[in-house]
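J.: data35.txt is reproduced in full below (compact mmCIF, C-alpha atoms).
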```
# COMPACT_ATOMS: atom_id res chain seq x y z
CA MET A 615 0.00 0.00 0.00
CA LYS A 616 2.84 2.37 0.95
CA LYS A 617 4.60 1.46 -2.27
CA LEU A 618 1.48 2.34 -4.27
CA ARG A 619 1.19 5.71 -2.54
CA PHE A 620 4.83 6.50 -3.18
CA LEU A 621 4.42 5.57 -6.84
CA PHE A 622 1.33 7.77 -7.06
CA VAL A 623 3.16 10.77 -5.63
CA VAL A 624 6.08 10.25 -8.01
CA VAL A 625 3.73 10.09 -11.01
CA LEU A 626 1.98 13.25 -9.84
CA ILE A 627 5.25 15.17 -9.56
CA VAL A 628 6.36 14.03 -13.00
CA LEU A 629 3.06 14.89 -14.64
CA LEU A 630 2.43 18.19 -12.83
CA PRO A 631 4.16 20.44 -15.40
CA VAL A 632 2.43 18.59 -18.24
CA PHE A 633 -1.08 19.01 -16.89
CA SER A 634 -0.76 22.44 -15.30
CA GLY A 635 -0.49 24.13 -18.71
CA CYS A 636 2.94 25.56 -17.97
CA THR A 637 4.91 26.30 -21.10
CA GLU A 638 8.60 26.83 -21.46
CA GLU A 639 9.49 30.46 -22.12
CA LYS A 640 10.63 30.99 -25.69
CA ASN A 641 13.49 33.08 -26.98
CA ASN A 642 15.67 32.80 -23.89
CA THR A 643 18.80 31.66 -25.64
CA GLY A 644 20.24 35.00 -26.66
CA ASP A 645 21.07 33.71 -30.15
CA ASP A 646 23.14 36.00 -32.30
CA PHE A 647 21.53 37.65 -35.34
CA SER A 648 22.41 40.16 -38.02
CA PHE A 649 20.59 43.25 -39.23
CA THR A 650 21.12 46.05 -41.74
CA THR A 651 21.69 49.56 -40.42
CA LEU A 652 20.36 52.69 -42.12
CA ASP A 653 23.91 53.20 -43.44
CA ASN A 654 23.53 49.83 -45.18
CA GLU A 655 26.03 48.15 -42.90
CA ILE A 656 25.52 44.60 -41.70
CA LYS A 657 25.80 44.42 -37.93
CA ARG A 658 25.44 41.58 -35.50
CA LEU A 659 24.23 41.44 -31.94
CA SER A 660 27.63 40.00 -31.04
CA ASP A 661 29.23 43.29 -32.17
CA PHE A 662 27.72 44.78 -29.02
CA TYR A 663 28.90 42.10 -26.57
CA GLY A 664 30.58 43.75 -23.60
CA LYS A 665 27.66 46.18 -23.20
CA VAL A 666 24.18 45.71 -21.87
CA VAL A 667 21.99 45.76 -25.00
CA VAL A 668 18.42 46.97 -25.18
CA LEU A 669 16.88 45.39 -28.27
CA ASP A 670 13.71 47.13 -29.41
CA CYS A 671 11.94 45.12 -32.11
CA MET A 672 9.66 47.78 -33.56
CA ALA A 673 7.70 48.89 -36.60
CA VAL A 674 7.05 52.28 -38.15
CA ASN A 675 3.32 51.56 -38.49
CA CYS A 676 2.88 50.85 -34.80
CA GLN A 677 1.64 53.56 -32.49
CA PRO A 678 2.90 51.96 -29.24
CA CYS A 679 6.35 51.72 -30.85
CA MET A 680 6.32 55.51 -31.24
CA TYR A 681 5.53 55.97 -27.55
CA GLN A 682 8.36 53.55 -26.81
CA MET A 683 10.81 55.91 -28.54
CA PHE A 684 10.29 58.50 -25.80
CA GLU A 685 11.21 55.91 -23.15
CA LEU A 686 14.24 54.72 -25.10
CA LYS A 687 15.36 58.33 -25.47
CA LYS A 688 15.45 58.60 -21.65
CA ILE A 689 17.65 55.50 -21.54
CA SER A 690 19.92 57.03 -24.14
CA GLU A 691 20.16 60.20 -22.05
CA ASN A 692 20.65 58.53 -18.67
CA TYR A 693 23.07 55.73 -19.50
CA SER A 694 26.50 55.95 -21.02
CA SER A 695 26.77 54.45 -24.49
CA THR A 696 29.86 52.62 -23.27
CA ASP A 697 27.66 50.68 -20.82
CA VAL A 698 24.36 50.37 -22.66
CA ALA A 699 23.65 50.04 -26.39
CA ILE A 700 20.15 50.53 -27.79
CA LEU A 701 19.19 48.74 -31.00
CA SER A 702 15.86 49.60 -32.58
CA ILE A 703 15.20 47.15 -35.38
CA ASP A 704 12.24 47.43 -37.73
CA VAL A 705 10.97 43.86 -37.87
CA TRP A 706 8.03 44.53 -40.19
CA VAL A 707 10.09 44.51 -43.37
CA SER A 708 8.08 41.41 -44.29
CA ASN A 709 4.98 43.63 -43.96
CA GLY A 710 6.36 46.12 -46.48
CA GLU A 711 8.29 48.54 -44.25
CA THR A 712 11.45 49.99 -45.77
CA ALA A 713 14.62 51.83 -44.78
CA SER A 714 13.20 55.09 -46.14
CA MET A 715 10.07 54.70 -43.99
CA LEU A 716 12.27 54.15 -40.95
CA GLN A 717 14.40 57.17 -41.83
CA ASP A 718 11.21 59.26 -42.33
CA MET A 719 10.09 58.26 -38.85
CA ILE A 720 13.42 59.30 -37.31
CA ASP A 721 13.25 62.61 -39.19
CA ALA A 722 9.65 63.15 -38.06
CA PHE A 723 10.74 62.74 -34.42
CA GLU A 724 13.46 65.30 -35.00
CA ASN A 725 11.16 67.76 -36.75
CA GLN A 726 7.85 67.25 -34.94
CA ALA A 727 9.02 66.44 -31.42
CA ASN A 728 12.51 67.95 -31.45
CA LEU A 729 13.78 64.55 -30.36
CA THR A 730 17.00 63.14 -31.79
CA LEU A 731 16.89 59.36 -31.78
CA ASP A 732 20.63 58.95 -31.38
CA TRP A 733 21.05 55.22 -31.20
CA THR A 734 21.45 52.35 -33.67
CA PHE A 735 18.53 51.75 -36.03
CA GLY A 736 18.33 48.84 -38.40
CA LEU A 737 16.10 46.56 -40.39
CA ASP A 738 15.30 42.88 -40.31
CA ASP A 739 15.65 40.88 -43.55
CA SER A 740 12.71 40.33 -45.89
CA GLU A 741 12.16 36.81 -44.51
CA GLY A 742 11.52 38.30 -41.08
CA THR A 743 14.28 36.30 -39.35
CA ILE A 744 14.46 38.59 -36.29
CA GLU A 745 10.69 39.00 -36.23
CA ASN A 746 10.23 35.23 -36.10
CA MET A 747 12.89 34.86 -33.41
CA TYR A 748 11.98 37.77 -31.18
CA ALA A 749 8.73 39.49 -32.17
CA ALA A 750 6.46 36.75 -33.48
CA GLU A 751 3.66 37.90 -31.19
CA GLY A 752 3.84 41.63 -31.77
CA VAL A 753 5.69 44.90 -31.44
CA PRO A 754 7.27 46.56 -29.63
CA ALA A 755 9.12 43.54 -28.27
CA LEU A 756 11.88 44.53 -25.87
CA TYR A 757 14.85 42.46 -24.80
CA ILE A 758 17.65 43.31 -22.43
CA TYR A 759 20.86 41.36 -22.93
CA ASP A 760 23.62 41.11 -20.39
CA LYS A 761 27.20 41.91 -21.38
CA LYS A 762 27.76 38.32 -22.47
CA GLY A 763 24.83 38.37 -24.87
CA ASN A 764 22.38 36.36 -22.77
CA ILE A 765 18.80 37.54 -22.58
CA TYR A 766 18.26 38.95 -19.10
CA TYR A 767 14.74 40.31 -19.58
CA SER A 768 12.04 40.37 -22.22
CA HIS A 769 8.69 42.08 -22.57
CA VAL A 770 6.18 42.32 -25.40
CA GLY A 771 4.34 45.63 -25.56
CA TYR A 772 5.12 49.16 -24.44
CA GLU A 773 7.39 49.37 -21.38
CA SER A 774 8.04 52.46 -19.28
CA TYR A 775 11.48 53.95 -18.71
CA ALA A 776 11.34 53.13 -14.98
CA ASP A 777 10.71 49.43 -15.58
CA LEU A 778 13.36 49.21 -18.28
CA ALA A 779 15.89 51.12 -16.18
CA ASN A 780 15.38 48.70 -13.25
CA LYS A 781 16.18 45.76 -15.47
CA ILE A 782 19.13 47.52 -17.10
CA ASP A 783 20.56 48.31 -13.65
CA GLU A 784 20.21 44.66 -12.66
CA ALA A 785 21.86 43.52 -15.89
CA LEU A 786 24.71 45.95 -15.37
CA ILE A 787 25.32 44.67 -11.84
CA LYS A 788 25.09 41.04 -12.98
CA ASN A 789 28.30 41.23 -15.03
CA MET B 155 -0.46 65.76 -14.67
CA LYS B 156 0.03 62.23 -15.93
CA ASN B 157 -3.01 62.56 -18.21
CA GLU B 158 -1.81 65.93 -19.47
CA ARG B 159 1.56 64.40 -20.39
CA LYS B 160 -0.14 61.46 -22.07
CA PHE B 161 -2.34 63.85 -24.04
CA ILE B 162 0.66 65.87 -25.24
CA LEU B 163 2.52 62.67 -26.14
CA THR B 164 -0.49 61.42 -28.08
CA ILE B 165 -0.62 64.63 -30.12
CA VAL B 166 3.11 64.38 -30.84
CA VAL B 167 2.91 60.70 -31.81
CA VAL B 168 -0.14 61.23 -34.03
CA SER B 169 1.61 64.12 -35.80
CA ILE B 170 4.75 61.97 -36.26
CA LEU B 171 2.69 59.09 -37.67
CA GLY B 172 0.83 61.57 -39.87
CA ALA B 173 4.07 63.11 -41.13
CA THR B 174 5.49 59.65 -41.84
CA ALA B 175 2.33 58.62 -43.70
CA VAL B 176 2.28 61.80 -45.79
CA LEU B 177 5.94 61.38 -46.65
CA ALA B 178 5.30 57.79 -47.64
CA ALA B 179 2.23 58.63 -49.63
CA GLY B 180 3.42 61.68 -51.49
CA THR B 181 0.97 64.25 -52.78
CA GLY B 182 -2.02 64.23 -55.11
CA LEU B 183 -3.21 60.79 -54.05
CA PRO B 184 -5.92 59.11 -56.08
CA ILE B 185 -6.93 57.01 -53.07
CA GLY B 186 -10.01 58.46 -51.36
CA THR B 187 -11.34 58.13 -47.83
CA ILE B 188 -11.37 54.64 -46.36
CA THR B 189 -14.78 53.58 -45.05
CA VAL B 190 -15.21 50.86 -42.44
CA THR B 191 -18.54 49.15 -41.76
CA PRO B 192 -19.58 48.95 -38.98
CA SER B 193 -17.88 52.14 -37.85
CA ALA B 194 -17.02 50.69 -34.42
CA PRO B 195 -16.64 46.94 -35.00
CA ALA B 196 -16.09 44.42 -32.24
CA ALA B 197 -12.92 42.38 -31.84
CA LEU B 198 -13.02 39.11 -33.84
CA SER B 199 -15.85 40.44 -36.00
CA THR B 200 -15.88 40.80 -39.77
CA VAL B 201 -15.52 44.33 -41.12
CA THR B 202 -16.16 45.64 -44.59
CA ILE B 203 -13.55 48.03 -45.89
CA SER B 204 -14.18 50.14 -48.96
CA VAL B 205 -12.28 52.89 -50.69
CA PRO B 206 -12.80 54.98 -53.83
CA ILE B 207 -9.86 55.29 -56.20
CA SER B 208 -10.01 58.02 -58.80
CA GLY B 209 -8.12 58.47 -62.07
CA GLU B 210 -6.34 55.65 -63.78
CA ALA B 211 -7.54 52.19 -62.77
CA PRO B 212 -5.04 50.43 -60.52
CA SER B 213 -3.80 47.00 -61.53
CA GLU B 214 -3.94 45.83 -57.93
CA VAL B 215 -5.42 47.15 -54.70
CA ARG B 216 -4.58 45.77 -51.29
CA VAL B 217 -5.51 46.68 -47.74
CA ILE B 218 -3.29 46.23 -44.70
CA ILE B 219 -4.98 45.80 -41.35
CA GLU B 220 -3.06 45.90 -38.09
CA GLU B 221 -4.66 44.98 -34.77
CA CYS B 222 -3.36 46.64 -31.62
CA ASN B 223 -4.10 46.64 -27.93
CA GLY B 224 -3.83 50.14 -26.54
CA ASN B 225 -3.85 48.90 -22.93
CA THR B 226 -0.82 46.64 -23.21
CA GLY B 227 0.79 48.77 -25.91
CA ILE B 228 1.22 46.01 -28.45
CA CYS B 229 0.52 45.72 -32.17
CA TYR B 230 0.19 42.13 -33.30
CA SER B 231 2.63 40.87 -35.90
CA ASP B 232 0.12 38.83 -37.90
CA VAL B 233 -0.82 41.82 -40.02
CA GLN B 234 -3.48 41.05 -42.63
CA ASN B 235 -2.65 42.01 -46.21
CA VAL B 236 -5.77 41.40 -48.26
CA SER B 237 -6.66 42.01 -51.89
CA MET B 238 -9.48 44.51 -52.56
CA PRO B 239 -11.49 43.71 -55.68
CA LEU B 240 -13.43 46.30 -57.64
CA ALA B 241 -16.96 46.31 -56.20
CA SER B 242 -18.58 49.02 -58.26
CA SER B 243 -17.52 52.01 -60.32
CA SER B 244 -14.11 52.97 -58.85
CA ILE B 245 -15.03 51.58 -55.43
CA TYR B 246 -12.86 48.76 -54.08
CA ARG B 247 -14.19 46.63 -51.26
CA THR B 248 -13.32 43.61 -49.14
CA ASP B 249 -14.38 41.85 -45.94
CA VAL B 250 -11.79 41.16 -43.27
CA THR B 251 -12.24 39.09 -40.12
CA LEU B 252 -10.33 40.39 -37.13
CA LYS B 253 -8.14 37.88 -35.30
CA HIS B 254 -7.44 39.16 -31.81
CA SER B 255 -9.97 39.11 -28.99
CA ASP B 256 -8.07 41.69 -26.95
CA ALA B 257 -7.42 44.21 -29.73
CA THR B 258 -8.74 47.66 -28.86
CA TYR B 259 -8.13 49.35 -32.19
CA ILE B 260 -7.16 48.61 -35.76
CA THR B 261 -5.23 50.65 -38.30
CA ILE B 262 -6.01 50.41 -41.99
CA LYS B 263 -3.94 51.41 -45.00
CA VAL B 264 -4.80 50.94 -48.65
CA LEU B 265 -2.17 50.35 -51.32
CA ALA B 266 -2.97 50.78 -55.00
CA LYS B 267 -0.61 49.79 -57.79
CA ILE B 268 -0.97 52.44 -60.49
CA ASN B 269 1.40 52.38 -63.47
CA ASP B 270 3.56 49.84 -61.59
CA VAL B 271 3.99 52.24 -58.66
CA TRP B 272 2.45 51.50 -55.28
CA GLN B 273 0.50 54.47 -53.92
CA VAL B 274 -0.23 54.39 -50.20
CA SER B 275 -3.22 55.97 -48.48
CA SER B 276 -2.97 57.75 -45.17
CA GLU B 277 -3.60 55.52 -42.19
CA LYS B 278 -7.08 55.18 -40.72
CA LYS B 279 -7.44 54.26 -37.07
CA VAL B 280 -10.66 52.59 -35.93
CA ASN B 281 -11.44 51.99 -32.26
CA LEU B 282 -13.06 48.64 -31.56
CA SER B 283 -16.13 48.30 -29.40
CA VAL B 284 -15.80 46.25 -26.23
CA THR B 285 -17.33 42.78 -26.28
CA PRO B 286 -18.65 41.11 -23.11
CA ASP B 287 -16.63 37.94 -23.82
CA GLY B 288 -13.23 38.55 -25.28
CA ASN B 289 -11.99 34.97 -25.18
CA ASN B 290 -11.27 33.53 -28.61
CA GLY B 291 -9.73 30.27 -27.39
CA ASP B 292 -6.14 31.36 -27.89
CA ASP B 293 -3.57 30.00 -25.46
CA ASN B 294 -3.13 32.78 -22.96
CA GLY B 295 -0.41 30.95 -21.03
CA THR B 296 -2.56 30.18 -17.98
CA PRO B 297 -3.76 26.75 -16.98
CA GLY B 298 -7.31 26.01 -18.07
CA PHE B 299 -8.68 22.70 -19.31
CA GLU B 300 -5.45 20.91 -18.40
CA LEU B 301 -5.83 21.92 -14.76
CA VAL B 302 -9.39 20.59 -14.62
CA VAL B 303 -8.18 17.23 -15.97
CA PHE B 304 -5.36 17.22 -13.44
CA VAL B 305 -7.64 17.97 -10.47
CA ALA B 306 -10.15 15.36 -11.65
CA ALA B 307 -7.35 12.76 -11.93
CA ILE B 308 -6.27 13.46 -8.34
CA GLY B 309 -9.88 13.13 -7.15
CA VAL B 310 -10.42 9.80 -8.88
CA SER B 311 -7.08 8.47 -7.60
CA LEU B 312 -7.90 9.46 -4.02
CA ILE B 313 -11.28 7.74 -4.23
CA LEU B 314 -9.66 4.56 -5.60
CA ILE B 315 -7.03 4.57 -2.86
CA GLY B 316 -9.70 5.18 -0.26
CA ARG B 317 -11.77 2.22 -1.50
CA LYS B 318 -8.75 -0.09 -1.45
CA ARG B 319 -8.08 0.93 2.14
CA VAL B 320 -11.64 0.10 3.21
CA LYS B 321 -11.31 -3.36 1.64
```
Transcribe the structure of this file into structure tokens.
T.:
Amino acid sequence: MKKLRFLFVVVLIVLLPVFSGCTEEKNNTGDDFSFTTLDNEIKRLSDFYGKVVVLDCMAVNCQPCMYQMFELKKISENYSSTDVAILSIDVWVSNGETASMLQDMIDAFENQANLTLDWTFGLDDSEGTIENMYAAEGVPALYIYDKKGNIYYSHVGYESYADLANKIDEALIKN
Amino acid sequence: MKNERKFILTIVVVSILGATAVLAAGTGLPIGTITVTPSAPAALSTVTISVPISGEAPSEVRVIIEECNGNTGICYSDVQNVSMPLASSSIYRTDVTLKHSDATYITIKVLAKINDVWQVSSEKKVNLSVTPDGNNGDDNGTPGFELVVFVAAIGVSLILIGRKRVK
């Protein structure tokens, strides 16, 4: 009888994750990827290893992504570029967005809001490689990488400066 | 104060989006005003989108529909890019079924290929009406049916063990 009970408990423990609906979090590997900058340069995430990286998977035709720019600007102002790199990558190239649309957006921020978006901007490829890896659900999708290139934090949807800054501070301390 | 800041930000963002759309579209557009029926559709419902296009007949007309949730600040990546056939004299129309139960607004853009050049309309934003039941069966990451099965399995097992004990 005791043996049966023990077996039952073991089976329960083994099956608990299966039946509780828990799913493994995706995109936690920090895989390297490449993107094209507005200067037509090919850059890789690994080029920024040694810094905490804030990856902003965004789109021009996305209103929350525009709000996100104001929060990223605060990060750009409050953290040294030697410690923290911001990468805003347009991942809706597969939805027809282009480098000129992205440049128009940056110019519009400069002209309409007097806000210089002074960090790295780039584009995903036409197959949507980065979109599929990091923003399959939606945009903006934000990732904070530690200095070794591991994903420390991720969030889909608009995120405030305060919340991002907390995570950046933790990632900076971690290394 | 917070609301005031949000209001100012909204004006700035709308003007930036507007400026971007105008730059993308150019001037003297043949694409008229986009009409959406119903005017305030519900999430997951089917909407009819129509647009008049003047001048030379386009070889292809497409509509791009994005669904966003203003509360979580997310625009879903599965953007719909649908062909718009000619419905009547210079009016192009199509029906589109929305995909996300928690979307609070959609944005619509029409693209018309005229003389092998894609012309883009300005963006139209449509707020969605709130539905009493927003669940569309998508996996929301929380236990549901699986948990019920699990609890039931524990119950049955306990009863069986209890019976064996009595014997």
J.: Restricting the calculation to only C-alpha atoms: of B:Lys278, B:Glu221, B:Tyr259, B:Lys253, which residue gets closest to Ile203 of chain B?
T.: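 Comparing B:Lys278, B:Glu221, B:Tyr259, B:Lys253 against Ile203 of chain B, the winner is B:Lys278.
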J.: Closest to Asn675 of chain A among A:Pro754, A:Gly763, A:Gly742, A:Gly736, using only C-alpha atoms?
T.: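 Of all the options, A:Pro754 lies closest to Asn675 of chain A.
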J.: Quick one: everything within 7 Å of Asp704 of chain A, counting all atoms listed in the file, minus sequence neighbours fewer than 6 positions away in the same chain. Send it as number ranges by chain.
T.: A: 671-673, 736-738
J.: Using all atoms listed in the file, find the one residue out of A:Ile787, A:Leu778, A:Val770, A:Cys676 that sits nearest to Ala749 of chain A.
T.: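 Using all atoms listed in the file, Ala749 of chain A sits closest to A:Val770.
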J.: What does the structure give for the distance between atom CA of Ala266 of chain B and atom CA of Ser242 of chain B, in Å to one decimal?
T.: 16.0 Å
J.: Please, which residues are within 12 Å of (-5.8, 49.9, -39.1) by the file's coordinates, counting only C-alpha atoms, and could they come as number ranges by chain?
T.: A: 675-677; B: 188-190, 195, 201, 203, 217-223, 229-230, 233-235, 250, 252, 257-264, 275-282
J.: Let me make sure I understand: among B:Thr187, B:His254, B:Gly316, B:Thr200, which one has the smallest atom-to-atom distance to Asp232 of chain B if we use all atoms listed in the file?
T.: B:His254
J.: Choose the residue, out of A:Gln682, A:Thr743, A:Ser768, A:Ser648, that has the smallest atom-to-atom separation from chain B; count all atoms listed in the file.
T.: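 Closest to chain B, using all atoms listed in the file: A:Gln682.
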J.: Mind giving me the straight-line distance from atom CA of Leu716 of chain A to atom CA of Thr650 of chain A in Å, one decimal?
T.: 12.0 Å
